[in-house]
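J.: My structure is below; once you've seen it, I'll send some questions.
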Amino acid sequence: MPHPTVVLVHGAFSDATGWIGVIAELRSSGIPVIAPPNPLRGLASDAAYLASVLTRVEGPAVLVGHAYGGALITVAGAAENVVGLVYVAAYVPQEGESLRRLQGRCPGPPLTDHLKEWTYPLHDGAPAVEVTIEETAFPSVFAADVSEEVSGALAVAQRPLAAAACTEAAAVAAWRTKPSWALVAGADRTIGPDVQRFGAARAGAVVVELPDASHAVALSEPTRVADLIRTAIRATG
């Protein structure tokens with residue numbers, strides 16, 4: 001039987017190139033994979049965009065979400081062709097819960113003290129807020145276990161997250177009906193490990209923990225991330 005297609009969903013402050021090592025690992029195993037862009041404009045609209053991507057996937061799909069991307073796969077994962085969910089250093093909300101509310105269950109991570117706010121215009125001209133990580137703090141907060149050269153490049157290439165994405169409630173929690181797996185980054189200073197553990201346990205996910213991994217675990221430990229995805233594929237394929 002052919003493998004399900006793996007759909008890799010990046011989170012805030014990054015783009016799909018953060019999956020580059022994981023993509024190489026999966027393709028070397030003959031696993032079809034796509035890594036669509038995440039608009040980062042709001043939970044409902046971003047999940048709707050991901051759902052539209054899924055309509056173009058032939059056959060079953062395994063969704064993999066990093067960080068904020070975990071919230072998107074939680075909502076869009078309700079699509080009929082989704083057979084499994086993999087959370088990578090990610091938020092795992094329940095229906096009716098916002099990321100702010102979920103994060104509030106545990107002490108705030110170091111990220112909280114290093115966010116910068118900017119304004120941007122909505123379609124009607126009204127101002128809205130988006131956030132990035134202070135460039136000097138980015139390596140230690142987001143990518144402490146990758147090289148200085150790479151973390152520095154990531155810092156200047158950040159993609160902002162609309163602040164509204166943190167206050168929108170998840171409309172559905174696909175993990176209630178789909179099997180899930182989770183990788184907890186034990187040294188994550190962007191999303192606290194306790195938040196990752198809490199969400200994964202509530203979802204009944206199969207959990208793997210890397211005690212020394214930073215938030216950028218997909219870049220620093222692509223083989224370990226890909227191994228968990230392969231486990232999900234074997235269980236759902």
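We label chains A, B, ... in the order they appear in the structure tokens, count residues from 1 in each chain, and number ligands from 1 in the order shown.
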Can you tell me which residues surround range 22-28 of chain A at a distance of at most 12 Å, considering only C-alpha atoms, apart from same-chain residues fewer than 2 positions away, and format the answer as a PyMOL selection string?
T.: chain A and resi 3-10+16-20+30-35+64+66+88+216-231+233
J.: If DSSP is run on the backbone, what residues of range 49-167 of chain A are alpha helix (DSSP H)? A reply as a PyMOL selection string would be ideal.
T.: chain A and resi 49-54+69-76+99-103+138-142+148-156
J.: For N, CA and C atoms, I'd like the residues from the last selection saved as a compact mmCIF listing (two decimals), in the first residue's frame.
T.:
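Printed below is out-v7.txt as written:
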# COMPACT_ATOMS: atom_id res chain seq x y z
N TYR A 49 -7.12 27.61 5.44
CA TYR A 49 -6.15 27.49 4.34
C TYR A 49 -5.55 26.09 4.30
N LEU A 50 -5.17 25.56 5.47
CA LEU A 50 -4.61 24.21 5.52
C LEU A 50 -5.64 23.19 5.04
N ALA A 51 -6.89 23.37 5.41
CA ALA A 51 -7.94 22.46 4.95
C ALA A 51 -8.05 22.48 3.43
N SER A 52 -7.85 23.65 2.84
CA SER A 52 -7.92 23.74 1.38
C SER A 52 -6.76 22.99 0.73
N VAL A 53 -5.59 23.02 1.40
CA VAL A 53 -4.44 22.25 0.91
C VAL A 53 -4.76 20.76 0.94
N LEU A 54 -5.43 20.32 1.98
CA LEU A 54 -5.76 18.90 2.12
C LEU A 54 -6.69 18.40 1.02
N GLY A 69 1.66 25.65 14.58
CA GLY A 69 1.13 24.72 13.59
C GLY A 69 0.36 23.57 14.22
N GLY A 70 0.66 23.27 15.50
CA GLY A 70 -0.09 22.23 16.20
C GLY A 70 -1.55 22.61 16.35
N ALA A 71 -1.82 23.89 16.59
CA ALA A 71 -3.21 24.34 16.69
C ALA A 71 -3.92 24.18 15.35
N LEU A 72 -3.21 24.45 14.27
CA LEU A 72 -3.83 24.34 12.95
C LEU A 72 -4.18 22.90 12.60
N ILE A 73 -3.28 21.95 12.91
CA ILE A 73 -3.60 20.57 12.58
C ILE A 73 -4.70 20.03 13.50
N THR A 74 -4.83 20.62 14.67
CA THR A 74 -5.91 20.23 15.58
C THR A 74 -7.27 20.55 14.96
N VAL A 75 -7.36 21.68 14.28
CA VAL A 75 -8.62 22.10 13.66
C VAL A 75 -8.79 21.48 12.27
N ALA A 76 -7.79 21.67 11.41
CA ALA A 76 -7.91 21.16 10.04
C ALA A 76 -7.86 19.64 9.99
N LEU A 99 -4.94 29.63 22.39
CA LEU A 99 -3.56 29.36 22.75
C LEU A 99 -3.17 30.14 24.00
N ARG A 100 -3.70 31.34 24.15
CA ARG A 100 -3.41 32.12 25.36
C ARG A 100 -3.93 31.39 26.60
N ARG A 101 -5.13 30.84 26.49
CA ARG A 101 -5.69 30.11 27.63
C ARG A 101 -4.89 28.85 27.92
N LEU A 102 -4.49 28.14 26.87
CA LEU A 102 -3.70 26.93 27.05
C LEU A 102 -2.36 27.25 27.68
N GLN A 103 -1.68 28.29 27.18
CA GLN A 103 -0.39 28.68 27.73
C GLN A 103 -0.52 29.11 29.18
N PHE A 138 16.61 35.90 19.86
CA PHE A 138 16.09 34.79 19.07
C PHE A 138 16.90 33.50 19.21
N PRO A 139 18.24 33.55 19.09
CA PRO A 139 18.99 32.28 19.18
C PRO A 139 18.74 31.52 20.47
N SER A 140 18.78 32.21 21.60
CA SER A 140 18.62 31.50 22.88
C SER A 140 17.18 31.08 23.13
N VAL A 141 16.23 31.86 22.65
CA VAL A 141 14.82 31.57 22.90
C VAL A 141 14.27 30.51 21.94
N PHE A 142 14.67 30.58 20.68
CA PHE A 142 14.05 29.75 19.64
C PHE A 142 14.94 28.61 19.18
N GLU A 148 25.27 29.15 15.42
CA GLU A 148 25.05 30.60 15.49
C GLU A 148 24.73 31.16 14.11
N GLU A 149 25.37 30.61 13.10
CA GLU A 149 25.13 31.09 11.73
C GLU A 149 23.68 30.86 11.33
N VAL A 150 23.17 29.67 11.61
CA VAL A 150 21.80 29.35 11.24
C VAL A 150 20.81 30.13 12.09
N SER A 151 21.02 30.17 13.41
CA SER A 151 20.07 30.88 14.27
C SER A 151 20.05 32.37 13.96
N GLY A 152 21.20 32.92 13.60
CA GLY A 152 21.24 34.32 13.22
C GLY A 152 20.46 34.61 11.95
N ALA A 153 20.57 33.69 10.99
CA ALA A 153 19.82 33.85 9.74
C ALA A 153 18.32 33.72 10.00
N LEU A 154 17.94 32.78 10.85
CA LEU A 154 16.53 32.61 11.19
C LEU A 154 15.98 33.86 11.86
N ALA A 155 16.80 34.50 12.70
CA ALA A 155 16.36 35.69 13.42
C ALA A 155 15.99 36.83 12.49
N VAL A 156 16.79 37.03 11.45
CA VAL A 156 16.51 38.15 10.55
C VAL A 156 15.47 37.80 9.49
J.: Got a sec to tell me which of range 7-226 of chain A DSSP assigns to strand (DSSP E or B), as a PyMOL selection string?
T.: chain A and resi 7-9+33-34+61-66+82-88+115-121+127-133+161-162+180-185+206-210
J.: Can you list, as an MDAnalysis selection string, every protein, DNA or RNA residue that comes within 10 Å of range 40-46 of chain A when you count only C-alpha atoms, leaving out same-chain residues fewer than 6 positions away?
T.: chainID A and resid 10:15 52 68:69 71:73 75:76 98:99 130 159:171
J.: Using only C-alpha atoms, what table do you get, as a tab-separated table, when you list each residue of range 95-169 of chain A with an atom no more than 10 Å from range 194-206 of chain A, its nearest pair of atoms, and their distance in Å rounded to one decimal, rows by chain then rising number?
T.:
residue	atom	partner	partner_atom	distance
A:Leu102	CA	A:Val195	CA	7.3
A:Gln103	CA	A:Val195	CA	6.3
A:Gly104	CA	A:Val195	CA	8.8
A:Arg105	CA	A:Val195	CA	7.4
A:Cys106	CA	A:Val195	CA	6.3
A:Pro107	CA	A:Asp194	CA	8.5
A:Gly108	CA	A:Val195	CA	9.5
A:Pro109	CA	A:Val195	CA	9.6
J.: Give me a file of those residues, with N, CA and C atoms, as a compact mmCIF listing (two decimals), in the first residue's frame.
T.:
# COMPACT_ATOMS: atom_id res chain seq x y z
N LEU A 102 -4.49 28.14 26.87
CA LEU A 102 -3.70 26.93 27.05
C LEU A 102 -2.36 27.25 27.68
N GLN A 103 -1.68 28.29 27.18
CA GLN A 103 -0.39 28.68 27.73
C GLN A 103 -0.52 29.11 29.18
N GLY A 104 -1.66 29.71 29.53
CA GLY A 104 -1.88 30.19 30.88
C GLY A 104 -1.99 29.09 31.93
N ARG A 105 -2.08 27.85 31.51
CA ARG A 105 -2.14 26.74 32.45
C ARG A 105 -0.79 26.48 33.11
N CYS A 106 0.28 27.02 32.52
CA CYS A 106 1.64 26.79 33.03
C CYS A 106 2.39 28.12 33.10
N PRO A 107 3.49 28.19 33.84
CA PRO A 107 4.29 29.42 33.87
C PRO A 107 4.70 29.85 32.47
N GLY A 108 4.76 31.14 32.24
CA GLY A 108 5.13 31.66 30.93
C GLY A 108 6.56 31.33 30.56
N PRO A 109 6.83 31.03 29.28
CA PRO A 109 8.19 30.72 28.84
C PRO A 109 9.01 31.99 28.67
J.: Find, counting only C-alpha atoms, the residue in A:Val57, A:Ala67, A:Ala89, A:Val172 that gets nearest to Val208 in chain A.
T.: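 Nearest to Val208 in chain A: A:Ala89.
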